[in-house]
Amino acid sequence: MLGGVDRVLARRTVTVAGGLGVGFKLDACYLPPRHVQAYGLVRGTLEPSVQEAFRRVVAPGATVLDVGANLGFFSLLASRLAGPCGKVVAVEALPDNAEALRANCALNDASNVTVLEAAASDGDGRGAFLHVEEGSWSHLADRGWHRGTVEQIEVELTTVDGLIDRGFLAAPDVVKIDVEGSEAAVLDGMTDTLRHVRPILIIELHGTNQEVFERLEKADYFPRTSTGPSRSSRPGPYTVLARPRRAQA
């Protein structure tokens with residue numbers, strides 16, 4: 001007999017039950033019961049600290065960049081909060097996840113979301129990417145081998161600065177980064193954006209505290225935990241909400 005979550009996922013479409021994403025439709029074929037985030041997605045309890053950060057900083061009309069968009073929950077949340085006048089660019093390297101992301105955006109009529117199948121990093125070109133059995137843990141190969149890797153693929157690499165320079169992305173108000181250890185590389189690829197645009201940053205740390213904090217300090221950003229007033233030095237993963245201290249010329 002199927003359990004509760006299994007019964008829900010046996011349907012073609014799942015409706016998110018609570019949280020800020022309540023009412024979202026998700027394609028169940030991309031949510032097998034063993035998916036590490038399946039319960040949180042179905043119940044709407046996925047990464048509450050990130051949901052809280054989005055609630056605080058994504059305003060109507062905002063432009064949001066979702067780096068490491070996975071299946072699209074936070075891209076959809078940004079779409080909802082930013083509204084019809086807002087824009088969302090969702091960057092996702094793993095082809096299976098990008099396919100799910102497009103399907104979930106279509107289910108929710110999220111026409112203000114643009115999907116880019118690529119990995120954000122510190123340079124443009126092509127790079128090796130590890131497809132991990134649990135897709136949300138997939139990452140660029142330079143971060144080290146994962147024991148759950150099923151294959152190594154080649155993906156497009158891009159920088160945030162390059163996306164803006166090429167006109168693919170308008171100056172973002174908010175940038176969310178969740179890239180399984182490549183957070184510092186993403187920041188290195190957006191130095192002009194940090195200097196001139198000064199977006200608010202939501203960053204999921206994966207043991208990269210020192211690397212990330214050094215770059216935020218250099219860019220004159222102040223990082224805090226997304227659910228409290230204090231910066232934390234404990235190992236990740238946990239979420240940082242970083243705001244610019246002041247505008248830079």
# chains A, B, ... in the order shown; residues from 1 in each chain; ligands from 1
call {"tool": "closest_atom_pairs", "arguments": {"of": "range 80-189 of chain A", "to": "range 197-208 of chain A", "cutoff": "9 Å", "atoms": "only C-alpha atoms", "output": "Markdown table"}}
result
| residue | atom | partner | partner_atom | distance |
| --- | --- | --- | --- | --- |
| A:Ala171 | CA | A:Val197 | CA | 6.3 |
| A:Pro172 | CA | A:Pro199 | CA | 6.1 |
| A:Asp173 | CA | A:Pro199 | CA | 4.7 |
| A:Val174 | CA | A:Ile200 | CA | 4.7 |
| A:Val175 | CA | A:Leu201 | CA | 5.0 |
| A:Lys176 | CA | A:Ile202 | CA | 4.5 |
| A:Ile177 | CA | A:Ile203 | CA | 4.8 |
| A:Asp178 | CA | A:Glu204 | CA | 5.1 |
| A:Val179 | CA | A:Glu204 | CA | 7.7 |
| A:Glu180 | CA | A:His206 | CA | 6.0 |
| A:Gly181 | CA | A:His206 | CA | 5.2 |
| A:Ser182 | CA | A:Thr208 | CA | 8.3 |
| A:Glu183 | CA | A:Leu205 | CA | 7.1 |
| A:Ala184 | CA | A:Thr208 | CA | 7.5 |
call {"tool": "select_by_dssp", "arguments": {"residues": "range 56-226 of chain A", "states": "helix (DSSP H, G or I)", "output": "ChimeraX atom specification"}}
result
/A:56-57,73-82,95-107,135-137,141-143,160-165,183-188,191-197,209-218
call {"tool": "select_by_dssp", "arguments": {"residues": "range 77-138 of chain A", "states": "strand (DSSP E or B)", "output": "short mmCIF file (atom, residue, chain, number, x, y, z; two decimals) with N, CA and C atoms, in the first residue's frame"}}
result
data_model
loop_
_atom_site.label_atom_id
_atom_site.label_comp_id
_atom_site.auth_asym_id
_atom_site.auth_seq_id
_atom_site.Cartn_x
_atom_site.Cartn_y
_atom_site.Cartn_z
N LYS A 87 10.30 40.19 -13.47
CA LYS A 87 10.99 39.27 -14.36
C LYS A 87 11.86 38.32 -13.53
N VAL A 88 11.89 37.05 -13.95
CA VAL A 88 12.72 36.04 -13.28
C VAL A 88 13.54 35.33 -14.34
N VAL A 89 14.85 35.21 -14.10
CA VAL A 89 15.71 34.38 -14.93
C VAL A 89 16.20 33.23 -14.07
N ALA A 90 15.90 32.00 -14.50
CA ALA A 90 16.25 30.80 -13.74
C ALA A 90 17.38 30.08 -14.46
N VAL A 91 18.51 29.94 -13.78
CA VAL A 91 19.70 29.31 -14.35
C VAL A 91 19.84 27.92 -13.74
N VAL A 113 8.98 34.00 -16.26
CA VAL A 113 10.19 33.24 -15.95
C VAL A 113 10.86 32.80 -17.25
N THR A 114 12.15 33.12 -17.37
CA THR A 114 12.97 32.66 -18.49
C THR A 114 13.98 31.65 -17.97
N VAL A 115 14.06 30.49 -18.60
CA VAL A 115 14.95 29.42 -18.15
C VAL A 115 16.21 29.41 -19.03
N LEU A 116 17.37 29.40 -18.39
CA LEU A 116 18.65 29.28 -19.07
C LEU A 116 19.32 28.00 -18.61
N ALA A 119 25.40 26.60 -16.27
CA ALA A 119 25.92 26.73 -14.91
C ALA A 119 26.58 28.09 -14.77
N ALA A 120 26.19 28.85 -13.77
CA ALA A 120 26.85 30.12 -13.49
C ALA A 120 28.18 29.84 -12.81
N GLY A 125 32.16 29.57 -21.23
CA GLY A 125 32.74 28.45 -21.96
C GLY A 125 31.98 27.17 -21.71
N ARG A 126 32.70 26.07 -21.57
CA ARG A 126 32.13 24.76 -21.30
C ARG A 126 32.84 24.17 -20.09
N GLY A 127 32.12 23.39 -19.29
CA GLY A 127 32.71 22.81 -18.09
C GLY A 127 32.14 21.45 -17.77
N ALA A 128 32.90 20.68 -17.00
CA ALA A 128 32.46 19.35 -16.58
C ALA A 128 31.50 19.47 -15.40
N PHE A 129 30.42 18.71 -15.46
CA PHE A 129 29.36 18.78 -14.46
C PHE A 129 28.99 17.37 -14.04
N LEU A 130 28.87 17.14 -12.73
CA LEU A 130 28.53 15.83 -12.21
C LEU A 130 27.02 15.70 -12.03
N HIS A 131 26.44 14.76 -12.75
CA HIS A 131 25.03 14.44 -12.59
C HIS A 131 24.92 13.42 -11.46
N VAL A 132 24.43 13.87 -10.31
CA VAL A 132 24.29 13.02 -9.13
C VAL A 132 22.89 12.40 -9.15
#
call {"tool": "closest_residue", "arguments": {"among": "A:Arg12, A:Lys218, A:Arg55, A:Arg166", "to": "Ser79 in chain A", "atoms": "only C-alpha atoms"}}
result
A:Arg55
call {"tool": "closest_residue", "arguments": {"among": "A:Val67, A:Val57, A:Gly72, A:Gly162", "to": "Arg243 in chain A", "atoms": "only C-alpha atoms"}}
result
A:Val57
call {"tool": "closest_residue", "arguments": {"among": "A:Ala53, A:Cys85, A:Val186, A:Leu94", "to": "Ala69 in chain A", "atoms": "only C-alpha atoms"}}
result
A:Leu94
call {"tool": "decode", "arguments": {"residues": "range 142-175 of chain A", "atoms": "C-alpha atoms", "output": "PDB file, in the first residue's frame"}}
result
ATOM      1  CA  ASP A 142      35.812  21.126  -9.854  1.00  0.00           C
ATOM      2  CA  ARG A 143      34.063  20.949  -6.464  1.00  0.00           C
ATOM      3  CA  GLY A 144      35.056  17.284  -6.101  1.00  0.00           C
ATOM      4  CA  TRP A 145      33.581  13.890  -6.840  1.00  0.00           C
ATOM      5  CA  HIS A 146      30.244  12.876  -5.338  1.00  0.00           C
ATOM      6  CA  ARG A 147      29.732   9.200  -4.524  1.00  0.00           C
ATOM      7  CA  GLY A 148      26.236   9.320  -6.007  1.00  0.00           C
ATOM      8  CA  THR A 149      27.458  10.482  -9.416  1.00  0.00           C
ATOM      9  CA  VAL A 150      25.820   8.608 -12.289  1.00  0.00           C
ATOM     10  CA  GLU A 151      27.585  10.420 -15.123  1.00  0.00           C
ATOM     11  CA  GLN A 152      29.781  13.374 -15.972  1.00  0.00           C
ATOM     12  CA  ILE A 153      28.404  15.701 -18.619  1.00  0.00           C
ATOM     13  CA  GLU A 154      29.546  18.878 -20.313  1.00  0.00           C
ATOM     14  CA  VAL A 155      27.510  22.027 -19.715  1.00  0.00           C
ATOM     15  CA  GLU A 156      27.558  25.638 -20.780  1.00  0.00           C
ATOM     16  CA  LEU A 157      29.231  28.033 -18.346  1.00  0.00           C
ATOM     17  CA  THR A 158      28.209  31.647 -17.981  1.00  0.00           C
ATOM     18  CA  THR A 159      28.810  34.569 -15.661  1.00  0.00           C
ATOM     19  CA  VAL A 160      26.194  36.867 -14.173  1.00  0.00           C
ATOM     20  CA  ASP A 161      28.136  39.852 -15.502  1.00  0.00           C
ATOM     21  CA  GLY A 162      28.045  38.280 -18.966  1.00  0.00           C
ATOM     22  CA  LEU A 163      24.290  37.724 -18.839  1.00  0.00           C
ATOM     23  CA  ILE A 164      23.791  41.419 -18.120  1.00  0.00           C
ATOM     24  CA  ASP A 165      26.363  42.572 -20.691  1.00  0.00           C
ATOM     25  CA  ARG A 166      24.692  40.469 -23.402  1.00  0.00           C
ATOM     26  CA  GLY A 167      21.255  41.828 -22.538  1.00  0.00           C
ATOM     27  CA  PHE A 168      19.880  38.433 -21.467  1.00  0.00           C
ATOM     28  CA  LEU A 169      19.298  39.716 -17.928  1.00  0.00           C
ATOM     29  CA  ALA A 170      18.233  43.159 -16.765  1.00  0.00           C
ATOM     30  CA  ALA A 171      19.958  44.541 -13.683  1.00  0.00           C
ATOM     31  CA  PRO A 172      18.666  42.213 -10.937  1.00  0.00           C
ATOM     32  CA  ASP A 173      17.180  43.424  -7.675  1.00  0.00           C
ATOM     33  CA  VAL A 174      17.650  40.025  -6.007  1.00  0.00           C
ATOM     34  CA  VAL A 175      20.022  37.143  -6.768  1.00  0.00           C
TER      35      VAL A 175
END
